[in-house]
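Undergrad: This is target15.txt (compact mmCIF, C-alpha atoms).
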```
# COMPACT_ATOMS: atom_id res chain seq x y z
CA MET A 1 34.62 51.38 -59.58
CA ALA A 2 36.27 47.97 -59.10
CA VAL A 3 40.01 47.94 -58.48
CA ASP A 4 42.13 45.68 -60.67
CA THR A 5 44.12 43.53 -58.24
CA ALA A 6 46.08 41.68 -60.91
CA ASP A 7 49.81 42.39 -61.08
CA PRO A 8 51.22 42.60 -64.64
CA ARG A 9 54.41 40.98 -63.33
CA PRO A 10 54.03 37.22 -62.71
CA PRO A 11 54.55 36.31 -59.05
CA ARG A 12 57.97 34.93 -58.13
CA ILE A 13 57.87 31.81 -55.98
CA SER A 14 60.43 30.74 -53.41
CA LEU A 15 60.24 26.94 -53.19
CA ILE A 16 61.89 25.43 -50.11
CA THR A 17 63.04 21.82 -49.80
CA VAL A 18 64.07 20.56 -46.37
CA CYS A 19 66.08 17.35 -46.32
CA TRP A 20 68.34 15.16 -44.21
CA ASN A 21 69.89 11.87 -45.38
CA ALA A 22 67.44 11.72 -48.27
CA GLU A 23 69.56 9.86 -50.82
CA GLN A 24 66.72 7.42 -51.57
CA THR A 25 64.18 10.09 -52.59
CA ILE A 26 65.86 13.44 -53.36
CA THR A 27 66.45 12.58 -57.03
CA ASP A 28 62.71 12.25 -57.68
CA THR A 29 62.07 15.52 -55.87
CA LEU A 30 64.68 17.44 -57.85
CA ARG A 31 63.46 15.99 -61.15
CA SER A 32 59.88 17.04 -60.46
CA ILE A 33 61.06 20.56 -59.59
CA ASP A 34 63.37 20.97 -62.57
CA THR A 35 60.68 19.92 -65.05
CA GLN A 36 58.16 22.54 -63.92
CA THR A 37 56.80 24.62 -66.78
CA TYR A 38 56.64 27.73 -64.59
CA ARG A 39 60.17 29.08 -64.33
CA ASP A 40 59.88 32.25 -62.25
CA PHE A 41 60.94 30.61 -59.00
CA ASP A 42 64.01 30.08 -56.88
CA HIS A 43 64.70 26.78 -55.15
CA ILE A 44 66.16 26.81 -51.64
CA ILE A 45 67.44 23.53 -50.21
CA VAL A 46 67.98 23.44 -46.45
CA ASP A 47 69.92 20.30 -45.56
CA GLY A 48 70.34 19.23 -41.95
CA GLY A 49 73.93 18.09 -42.35
CA SER A 50 73.40 14.88 -44.31
CA THR A 51 76.02 12.16 -43.89
CA ASP A 52 74.90 10.02 -46.84
CA SER A 53 75.08 10.92 -50.54
CA THR A 54 72.27 13.50 -50.46
CA LEU A 55 74.56 16.49 -51.03
CA ALA A 56 76.43 14.71 -53.82
CA ILE A 57 73.14 13.98 -55.58
CA ILE A 58 72.12 17.64 -55.25
CA ALA A 59 75.51 18.74 -56.60
CA SER A 60 75.06 16.46 -59.60
CA ALA A 61 71.85 18.30 -60.54
CA PRO A 62 72.86 21.96 -60.56
CA ALA A 63 70.39 24.70 -61.50
CA ASP A 64 70.81 28.44 -61.84
CA ASN A 65 67.88 29.09 -59.51
CA ARG A 66 69.01 26.66 -56.77
CA ARG A 67 70.71 27.53 -53.47
CA VAL A 68 71.88 25.03 -50.87
CA LEU A 69 72.42 25.52 -47.14
CA SER A 70 73.78 22.53 -45.24
CA GLU A 71 74.29 22.61 -41.48
CA VAL A 72 73.06 20.75 -38.42
CA ASP A 73 69.70 22.03 -37.21
CA GLY A 74 67.07 21.30 -34.61
CA GLY A 75 64.62 19.53 -36.88
CA ILE A 76 62.32 20.00 -39.83
CA TYR A 77 60.48 23.10 -38.61
CA GLU A 78 63.65 24.93 -37.65
CA ALA A 79 64.96 24.13 -41.14
CA MET A 80 61.74 25.43 -42.68
CA ASN A 81 62.12 28.67 -40.73
CA LYS A 82 65.66 29.01 -42.09
CA GLY A 83 64.28 28.58 -45.58
CA ILE A 84 61.68 31.29 -45.02
CA GLY A 85 64.46 33.61 -43.85
CA LEU A 86 66.35 33.00 -47.10
CA ALA A 87 63.31 33.42 -49.35
CA SER A 88 63.02 36.49 -51.54
CA GLY A 89 60.04 35.51 -53.68
CA ASP A 90 56.55 37.00 -53.50
CA ILE A 91 55.15 33.57 -52.57
CA ILE A 92 56.61 30.83 -50.37
CA GLY A 93 55.90 27.10 -50.57
CA PHE A 94 57.53 23.82 -49.56
CA LEU A 95 58.33 20.58 -51.35
CA ASN A 96 60.30 18.28 -49.11
CA ALA A 97 62.60 15.42 -50.04
CA ASP A 98 59.88 12.75 -49.70
CA ASP A 99 57.55 14.63 -52.04
CA THR A 100 57.15 15.22 -55.76
CA PHE A 101 54.92 17.48 -57.77
CA GLU A 102 51.96 15.66 -59.27
CA SER A 103 52.56 17.18 -62.70
CA SER A 104 54.88 19.57 -64.52
CA ASP A 105 52.36 22.41 -64.27
CA SER A 106 51.81 22.32 -60.49
CA LEU A 107 53.75 25.54 -59.87
CA GLU A 108 52.09 27.16 -62.86
CA THR A 109 48.72 26.37 -61.28
CA VAL A 110 49.81 27.96 -58.00
CA ALA A 111 51.15 31.07 -59.74
CA ALA A 112 47.92 31.48 -61.72
CA ALA A 113 45.83 31.21 -58.55
CA LEU A 114 47.88 33.84 -56.73
CA ASP A 115 48.26 36.18 -59.69
CA ASP A 116 45.21 37.85 -58.20
CA LYS A 117 46.34 39.97 -55.22
CA ALA A 118 42.93 39.49 -53.63
CA TYR A 119 44.27 36.20 -52.27
CA ASP A 120 46.96 35.76 -49.63
CA GLY A 121 47.43 32.05 -50.19
CA CYS A 122 46.24 28.89 -51.87
CA TYR A 123 46.26 25.13 -51.43
CA GLY A 124 45.08 22.04 -53.27
CA ASP A 125 44.79 18.27 -52.98
CA LEU A 126 47.46 15.67 -52.23
CA VAL A 127 47.87 11.94 -52.68
CA TYR A 128 49.86 9.72 -50.35
CA VAL A 129 51.82 7.11 -52.26
CA SER A 130 53.85 4.03 -51.41
CA ASN A 131 57.34 4.78 -50.11
CA ARG A 132 58.86 2.44 -52.69
CA HIS A 133 56.37 2.78 -55.55
CA ILE A 134 55.28 6.39 -56.03
CA ASP A 135 52.73 5.39 -58.68
CA ARG A 136 50.81 3.37 -56.09
CA LYS A 137 48.21 5.59 -54.41
CA ILE A 138 47.40 4.92 -50.74
CA ARG A 139 45.31 7.92 -49.68
CA TYR A 140 43.65 10.78 -51.56
CA TRP A 141 43.67 13.93 -49.42
CA LYS A 142 40.75 15.84 -50.87
CA SER A 143 40.57 19.33 -49.37
CA ARG A 144 37.93 22.06 -49.61
CA ALA A 145 37.44 25.80 -49.33
CA PHE A 146 38.12 26.97 -45.77
CA LYS A 147 35.33 27.97 -43.42
CA PRO A 148 35.82 29.24 -39.85
CA GLY A 149 35.68 26.39 -37.34
CA PHE A 150 37.09 23.74 -39.67
CA PHE A 151 40.27 23.22 -37.63
CA ALA A 152 38.22 22.31 -34.54
CA ARG A 153 36.72 19.52 -36.65
CA GLY A 154 40.12 18.00 -37.39
CA TRP A 155 40.46 19.64 -40.82
CA CYS A 156 43.52 21.32 -42.30
CA PRO A 157 44.91 21.82 -45.81
CA PRO A 158 47.71 19.51 -46.98
CA HIS A 159 50.77 21.54 -46.01
CA PRO A 160 52.89 20.51 -49.05
CA THR A 161 50.26 22.20 -51.24
CA PHE A 162 50.05 25.35 -49.08
CA TYR A 163 51.50 28.53 -50.63
CA VAL A 164 51.24 31.98 -49.07
CA ARG A 165 52.68 35.40 -49.75
CA ARG A 166 55.95 36.18 -47.99
CA ASN A 167 54.41 39.20 -46.25
CA ILE A 168 52.02 36.85 -44.42
CA TYR A 169 55.00 35.23 -42.67
CA GLU A 170 56.34 38.70 -41.92
CA ARG A 171 53.04 39.74 -40.34
CA PHE A 172 51.94 36.60 -38.53
CA GLY A 173 55.15 34.67 -37.84
CA ARG A 174 56.88 31.47 -38.85
CA PHE A 175 56.65 27.91 -37.48
CA ASP A 176 56.28 27.70 -33.71
CA LEU A 177 59.03 25.32 -32.57
CA ARG A 178 57.16 24.41 -29.40
CA TYR A 179 55.13 22.04 -31.58
CA ARG A 180 57.40 19.13 -32.48
CA LEU A 181 55.01 17.30 -34.82
CA ALA A 182 52.19 19.74 -35.58
CA ALA A 183 53.91 23.07 -36.20
CA ASP A 184 52.65 23.04 -39.79
CA VAL A 185 49.05 22.54 -38.67
CA GLU A 186 49.41 25.24 -36.00
CA LEU A 187 50.83 27.68 -38.56
CA MET A 188 47.96 27.10 -41.00
CA MET A 189 45.51 27.35 -38.11
CA ARG A 190 47.07 30.66 -37.07
CA PHE A 191 46.91 32.02 -40.60
CA LEU A 192 43.39 30.83 -41.50
CA GLU A 193 41.42 30.63 -38.24
CA VAL A 194 43.06 33.47 -36.30
CA ALA A 195 44.45 35.92 -38.88
CA ARG A 196 41.73 35.01 -41.43
CA ILE A 197 44.00 35.38 -44.43
CA ARG A 198 42.21 35.10 -47.77
CA THR A 199 42.85 31.77 -49.47
CA ILE A 200 41.67 30.06 -52.62
CA TYR A 201 41.25 26.29 -52.88
CA ILE A 202 42.56 24.62 -56.05
CA PRO A 203 40.49 21.44 -56.65
CA ARG A 204 43.24 19.30 -58.13
CA VAL A 205 46.15 17.19 -56.92
CA LEU A 206 49.33 19.27 -56.69
CA VAL A 207 51.70 16.97 -54.77
CA ARG A 208 52.49 13.31 -54.17
CA MET A 209 53.81 12.50 -50.71
CA ARG A 210 55.48 9.26 -49.69
CA LEU A 211 54.19 7.53 -46.57
CA GLY A 212 56.64 7.27 -43.71
CA GLY A 213 57.26 10.87 -42.68
CA ALA A 214 57.80 11.91 -39.08
CA THR A 215 54.12 12.48 -38.32
CA ASN A 216 52.65 9.41 -40.05
CA LYS A 217 55.32 6.75 -39.58
CA ASN A 218 53.55 5.14 -36.60
CA VAL A 219 50.38 5.31 -34.50
CA GLN A 220 52.21 6.92 -31.58
CA ASN A 221 53.34 9.89 -33.65
CA ILE A 222 49.91 10.32 -35.23
CA SER A 223 48.39 10.42 -31.74
CA ARG A 224 51.03 12.87 -30.49
CA GLN A 225 50.52 15.14 -33.47
CA ASN A 226 46.76 15.31 -32.96
CA LYS A 227 47.21 16.03 -29.25
CA GLU A 228 49.47 18.93 -30.25
CA VAL A 229 46.75 20.16 -32.61
CA LEU A 230 44.25 20.12 -29.73
CA HIS A 231 46.73 22.09 -27.60
CA ALA A 232 47.15 24.60 -30.44
CA LEU A 233 43.40 25.07 -30.69
CA ALA A 234 43.28 25.78 -26.95
CA ASP A 235 46.29 28.12 -27.17
CA HIS A 236 44.48 30.17 -29.82
CA GLY A 237 41.24 30.25 -27.84
CA LEU A 238 39.35 28.21 -30.42
CA LYS A 239 36.46 26.19 -29.01
CA VAL A 240 36.68 22.47 -29.64
CA SER A 241 34.95 19.29 -28.55
CA THR A 242 37.64 16.63 -28.18
CA SER A 243 35.22 13.80 -28.94
CA MET A 244 33.90 15.54 -32.07
CA PHE A 245 37.44 16.39 -33.17
CA TRP A 246 38.44 12.71 -33.10
CA ALA A 247 35.16 11.58 -34.68
CA PHE A 248 35.55 13.95 -37.63
CA LYS A 249 39.21 12.98 -37.93
CA ILE A 250 38.45 9.25 -38.17
CA VAL A 251 35.64 9.71 -40.70
CA ASN A 252 37.81 11.99 -42.80
CA ARG A 253 40.74 9.54 -42.86
CA LEU A 254 38.50 6.64 -43.83
CA GLY A 255 37.18 8.72 -46.70
CA GLN A 256 40.72 9.44 -47.89
CA PHE A 257 41.55 5.74 -48.11
CA LEU A 258 38.29 5.02 -49.96
CA MET A 259 39.09 7.78 -52.49
CA ARG A 260 42.66 6.65 -53.16
CA ASN A 261 41.88 5.40 -56.65
CA ARG A 262 39.92 8.47 -57.65
CA SER A 263 41.12 9.91 -60.94
CA GLN A 264 41.99 13.57 -61.14
CA ASP A 265 39.42 15.83 -62.81
```
Here is the file; what I need is its structure written in the form of structure tokens.

TA:
Amino acid sequence: MAVDTADPRPPRISLITVCWNAEQTITDTLRSIDTQTYRDFDHIIVDGGSTDSTLAIIASAPADNRRVLSEVDGGIYEAMNKGIGLASGDIIGFLNADDTFESSDSLETVAAALDDKAYDGCYGDLVYVSNRHIDRKIRYWKSRAFKPGFFARGWCPPHPTFYVRRNIYERFGRFDLRYRLAADVELMMRFLEVARIRTIYIPRVLVRMRLGGATNKNVQNISRQNKEVLHALADHGLKVSTSMFWAFKIVNRLGQFLMRNRSQD
């Protein structure tokens, strides 16, 4: 007899926003969070000790479900780990200060996908937008259902769309701070390729991300990040052809730029 894995109680989400001197973008992020139709979530802001008006902007948009921690930290992944430590929800996800939800039902879509306990996590699609004009699409990051070996081909889900149950972090660990630019990729690699958690792909855009983040602001950082990904593959004993990794990566990126004007289904 089949076991019903659905929980009658809707899953509670802990949404974490990491920021530092984000006065130019944090308002858009907060607005997209506060207009979500799904309300069973808490919002944790981990600020790295901003010296601009970021904290004042956050204070001007209070919410009953919002908590703020502000202190100097060692970077984005250390801040993310702090956020995980503060999270109490069934599911954990991230929306950083350069990002916005694509629509008001993005969290509702995530909650619906993970209402079934058969899945440990989910992820969807993402669009990169202009830093100054968030309605101008630059790249369409179309993902797909995971298959073993994908990470060795330069694939990974868009991390801002990646939501997993809190017990997955408890079992398999948080962000590895040895990776300065690719800790998010290594974590998803560890969860999907090594631990083989059960994920469901949501074929729709969940998040808009501004160009100009730490990993994509210049060619040098993009190269460094991908070298860290190759090191992570080796660290986890995953076989990879360096030439094929870069070939798949280049083809994939070209496809994302070509799809930038694709309309959402």

Undergrad: Mind giving me the straight-line distance from CA of Gln220 in chain A to CA of Leu126 in chain A in Å, one decimal?

TA: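 Those two atoms sit 22.9 Å apart.
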
Undergrad: One decimal, in Å: what's the spacing between CA of Asp116 in chain A and CA of Val18 in chain A?

TA: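 Calculated distance between CA of Asp116 in chain A and CA of Val18 in chain A is 28.2 Å.
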
Undergrad: Can I get the residues of range 49-110 of chain A within 12 Å of range 150-158 of chain A, each with the closest pair of atoms and their distance in Å to one decimal, using only C-alpha atoms, sorted chain first then ascending number, as CSV?

TA:
```
residue,atom,partner,partner_atom,distance
A:Gly93,CA,A:Pro158,CA,11.7
A:Phe94,CA,A:Pro158,CA,11.0
A:Leu95,CA,A:Pro158,CA,11.5
```

Undergrad: Can you spit out the residues from that selection as a PDB file, in the coordinates of the input, using C-alpha atoms?

TA:
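The result, stored in selection.pdb:
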```
ATOM      1  CA  GLY A  93      55.900  27.100 -50.570  1.00  0.00           C
ATOM      2  CA  PHE A  94      57.530  23.820 -49.560  1.00  0.00           C
ATOM      3  CA  LEU A  95      58.330  20.580 -51.350  1.00  0.00           C
TER       4      LEU A  95
END
```

Undergrad: Under the rule that all atoms listed in the file are counted, which of A:Ser130, A:Ser103, A:Thr199, A:Ser241 is the nearest residue to Phe162 in chain A?

TA: A:Thr199

Undergrad: Go ahead and compute the interatomic distance for CA of Tyr179 in chain A and CA of Asp235 in chain A, in Å to one decimal.

TA: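 The value is 11.6 Å.
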
Undergrad: Name all residues at most 8 Å from Glu78 in chain A (count all atoms listed in the file; drop same-chain ones fewer than 4 positions away) and give them as a PDB file with C-alpha atoms, in the frame of the given file.

TA:
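File out.pdb, as written:
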```
ATOM      1  CA  ASP A  73      69.700  22.030 -37.210  1.00  0.00           C
ATOM      2  CA  GLY A  74      67.070  21.300 -34.610  1.00  0.00           C
ATOM      3  CA  LYS A  82      65.660  29.010 -42.090  1.00  0.00           C
ATOM      4  CA  PHE A 175      56.650  27.910 -37.480  1.00  0.00           C
ATOM      5  CA  LEU A 177      59.030  25.320 -32.570  1.00  0.00           C
TER       6      LEU A 177
END
```

Undergrad: Pick out the residues sitting within 12 Å of Met188 in chain A, and hand them over as a ChimeraX atom specification; count all atoms listed in the file, and ignore anything fewer than 6 positions along from it in its own chain.

TA: /A:121-123,146,150-151,155-164,168-169,172-176,182,194-199,229,232-233

Undergrad: Draw an axis-aligned box tight on the listed atoms of range 32-45 of chain A, then pad every side by 3 Å and write out centre and edge lengths in Å to one decimal as lines of an AutoDock Vina configuration file.

TA:
```
center_x = 62.0
center_y = 24.6
center_z = -58.5
size_x = 16.8
size_y = 21.2
size_z = 22.6
```

Undergrad: Can you tell me, as an NGL selection string, what residues are no more than 8 Å from Pro203 in chain A when counting all atoms listed in the file, ignoring any on the same chain fewer than 2 positions away?

TA: :A and (124-125 or 143-144 or 201 or 205)

Undergrad: Could you list, as an NGL selection string, every residue within 7 Å of range 105-108 of chain A, counting only C-alpha atoms and ignoring same-chain residues fewer than 2 positions away?

TA: :A and (36-38 or 101-103 or 110-112 or 206)

Undergrad: Using only C-alpha atoms, which residue out of A:Leu230, A:Cys19, A:Ala63, A:Leu258 lies closest to Ile138 in chain A?

TA: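 Looking only at the distances to Ile138 in chain A, the closest residue turns out to be A:Leu258.
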
Undergrad: So which one's closest to Ala61 in chain A, A:Val207, A:Ala87, A:Val219, A:Ile26? Using all atoms listed in the file, please.

TA: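 That would be A:Ile26, the residue with the smallest distance to Ala61 in chain A.
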
Undergrad: Find the residue from A:Tyr140, A:Phe41, A:Phe245, A:Trp20 that sits nearest to Asn65 in chain A; use all atoms listed in the file when measuring.

TA: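 For Asn65 in chain A, the nearest of the candidates is A:Phe41.
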
Undergrad: Which residue out of A:Asp42, A:Asp47, A:Glu23, A:Asp115 has the minimum interatomic distance to Val72 in chain A when all atoms listed in the file are used?

TA: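 Of all the options, A:Asp47 lies closest to Val72 in chain A.
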
Undergrad: Using all atoms listed in the file, which of the listed residues (A:Arg132, A:Lys117, A:Ile44, A:Arg178) sits closest to Pro8 in chain A?

TA: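 Counting all atoms listed in the file, the residue closest to Pro8 in chain A is A:Lys117.
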
Undergrad: Can you tell me, as JSON, numbers by chain, which residues sit within 9 Å of (58.7, 15.8, -55.4) in the file's frame, using all atoms listed in the file?

TA: {"A": [25, 26, 27, 28, 29, 30, 31, 32, 33, 95, 96, 97, 98, 99, 100, 101, 102, 207, 208, 209]}

Undergrad: Could you save those same residues with C-alpha atoms as a PDB file, in the frame of the given file?

TA:
```
ATOM      1  CA  THR A  25      64.180  10.090 -52.590  1.00  0.00           C
ATOM      2  CA  ILE A  26      65.860  13.440 -53.360  1.00  0.00           C
ATOM      3  CA  THR A  27      66.450  12.580 -57.030  1.00  0.00           C
ATOM      4  CA  ASP A  28      62.710  12.250 -57.680  1.00  0.00           C
ATOM      5  CA  THR A  29      62.070  15.520 -55.870  1.00  0.00           C
ATOM      6  CA  LEU A  30      64.680  17.440 -57.850  1.00  0.00           C
ATOM      7  CA  ARG A  31      63.460  15.990 -61.150  1.00  0.00           C
ATOM      8  CA  SER A  32      59.880  17.040 -60.460  1.00  0.00           C
ATOM      9  CA  ILE A  33      61.060  20.560 -59.590  1.00  0.00           C
ATOM     10  CA  LEU A  95      58.330  20.580 -51.350  1.00  0.00           C
ATOM     11  CA  ASN A  96      60.300  18.280 -49.110  1.00  0.00           C
ATOM     12  CA  ALA A  97      62.600  15.420 -50.040  1.00  0.00           C
ATOM     13  CA  ASP A  98      59.880  12.750 -49.700  1.00  0.00           C
ATOM     14  CA  ASP A  99      57.550  14.630 -52.040  1.00  0.00           C
ATOM     15  CA  THR A 100      57.150  15.220 -55.760  1.00  0.00           C
ATOM     16  CA  PHE A 101      54.920  17.480 -57.770  1.00  0.00           C
ATOM     17  CA  GLU A 102      51.960  15.660 -59.270  1.00  0.00           C
ATOM     18  CA  VAL A 207      51.700  16.970 -54.770  1.00  0.00           C
ATOM     19  CA  ARG A 208      52.490  13.310 -54.170  1.00  0.00           C
ATOM     20  CA  MET A 209      53.810  12.500 -50.710  1.00  0.00           C
TER      21      MET A 209
END
```

Undergrad: Have range 175-196 of chain A completed to N, CA, C and O atoms, please, and pass it along as a CSV table (one decimal), in the frame of the given file.

TA:
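rebuild-v1.csv, freshly written:
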```csv
chain,number,residue,atom,x,y,z
A,175,PHE,N,57.1,29.1,-38.2
A,175,PHE,CA,56.6,27.9,-37.5
A,175,PHE,C,57.0,28.0,-36.0
A,175,PHE,O,58.1,28.4,-35.7
A,176,ASP,N,56.1,27.7,-35.2
A,176,ASP,CA,56.3,27.7,-33.7
A,176,ASP,C,57.0,26.4,-33.3
A,176,ASP,O,56.4,25.3,-33.3
A,177,LEU,N,58.2,26.5,-32.8
A,177,LEU,CA,59.0,25.3,-32.6
A,177,LEU,C,58.6,24.6,-31.3
A,177,LEU,O,59.2,23.5,-31.0
A,178,ARG,N,57.7,25.1,-30.6
A,178,ARG,CA,57.2,24.4,-29.4
A,178,ARG,C,56.4,23.2,-29.8
A,178,ARG,O,56.2,22.2,-29.0
A,179,TYR,N,55.9,23.2,-31.0
A,179,TYR,CA,55.1,22.0,-31.6
A,179,TYR,C,56.1,21.2,-32.4
A,179,TYR,O,56.6,21.5,-33.4
A,180,ARG,N,56.4,20.0,-31.9
A,180,ARG,CA,57.4,19.1,-32.5
A,180,ARG,C,56.9,18.4,-33.7
A,180,ARG,O,57.6,18.1,-34.6
A,181,LEU,N,55.6,18.1,-33.7
A,181,LEU,CA,55.0,17.3,-34.8
A,181,LEU,C,53.9,18.0,-35.6
A,181,LEU,O,53.5,17.6,-36.6
A,182,ALA,N,53.4,19.1,-35.0
A,182,ALA,CA,52.2,19.7,-35.6
A,182,ALA,C,52.4,21.2,-35.8
A,182,ALA,O,51.4,22.0,-35.9
A,183,ALA,N,53.7,21.6,-36.0
A,183,ALA,CA,53.9,23.1,-36.2
A,183,ALA,C,53.3,23.5,-37.5
A,183,ALA,O,52.9,24.7,-37.7
A,184,ASP,N,53.3,22.7,-38.5
A,184,ASP,CA,52.6,23.0,-39.8
A,184,ASP,C,51.2,23.3,-39.6
A,184,ASP,O,50.6,24.2,-40.2
A,185,VAL,N,50.5,22.4,-38.9
A,185,VAL,CA,49.0,22.5,-38.7
A,185,VAL,C,48.8,23.8,-37.9
A,185,VAL,O,47.9,24.6,-38.2
A,186,GLU,N,49.6,24.0,-36.8
A,186,GLU,CA,49.4,25.2,-36.0
A,186,GLU,C,49.6,26.5,-36.8
A,186,GLU,O,48.8,27.5,-36.7
A,187,LEU,N,50.6,26.5,-37.7
A,187,LEU,CA,50.8,27.7,-38.6
A,187,LEU,C,49.6,27.9,-39.5
A,187,LEU,O,49.2,29.1,-39.6
A,188,MET,N,49.1,26.9,-40.1
A,188,MET,CA,48.0,27.1,-41.0
A,188,MET,C,46.7,27.5,-40.2
A,188,MET,O,45.9,28.3,-40.7
A,189,MET,N,46.6,27.0,-39.0
A,189,MET,CA,45.5,27.4,-38.1
A,189,MET,C,45.6,28.8,-37.8
A,189,MET,O,44.6,29.6,-37.8
A,190,ARG,N,46.8,29.3,-37.4
A,190,ARG,CA,47.1,30.7,-37.1
A,190,ARG,C,46.8,31.6,-38.2
A,190,ARG,O,46.2,32.7,-38.1
A,191,PHE,N,47.1,31.2,-39.4
A,191,PHE,CA,46.9,32.0,-40.6
A,191,PHE,C,45.4,32.1,-41.0
A,191,PHE,O,44.9,33.1,-41.3
A,192,LEU,N,44.8,30.9,-41.0
A,192,LEU,CA,43.4,30.8,-41.5
A,192,LEU,C,42.4,31.1,-40.4
A,192,LEU,O,41.5,32.0,-40.6
A,193,GLU,N,42.5,30.5,-39.3
A,193,GLU,CA,41.4,30.6,-38.2
A,193,GLU,C,41.6,31.9,-37.5
A,193,GLU,O,40.6,32.6,-37.1
A,194,VAL,N,42.8,32.3,-37.2
A,194,VAL,CA,43.1,33.5,-36.3
A,194,VAL,C,43.2,34.7,-37.1
A,194,VAL,O,42.5,35.7,-36.9
A,195,ALA,N,44.2,34.7,-38.1
A,195,ALA,CA,44.4,35.9,-38.9
A,195,ALA,C,43.4,36.1,-40.0
A,195,ALA,O,43.3,37.2,-40.5
A,196,ARG,N,42.7,35.0,-40.4
A,196,ARG,CA,41.7,35.0,-41.4
A,196,ARG,C,42.3,35.5,-42.8
A,196,ARG,O,41.7,36.4,-43.4
```
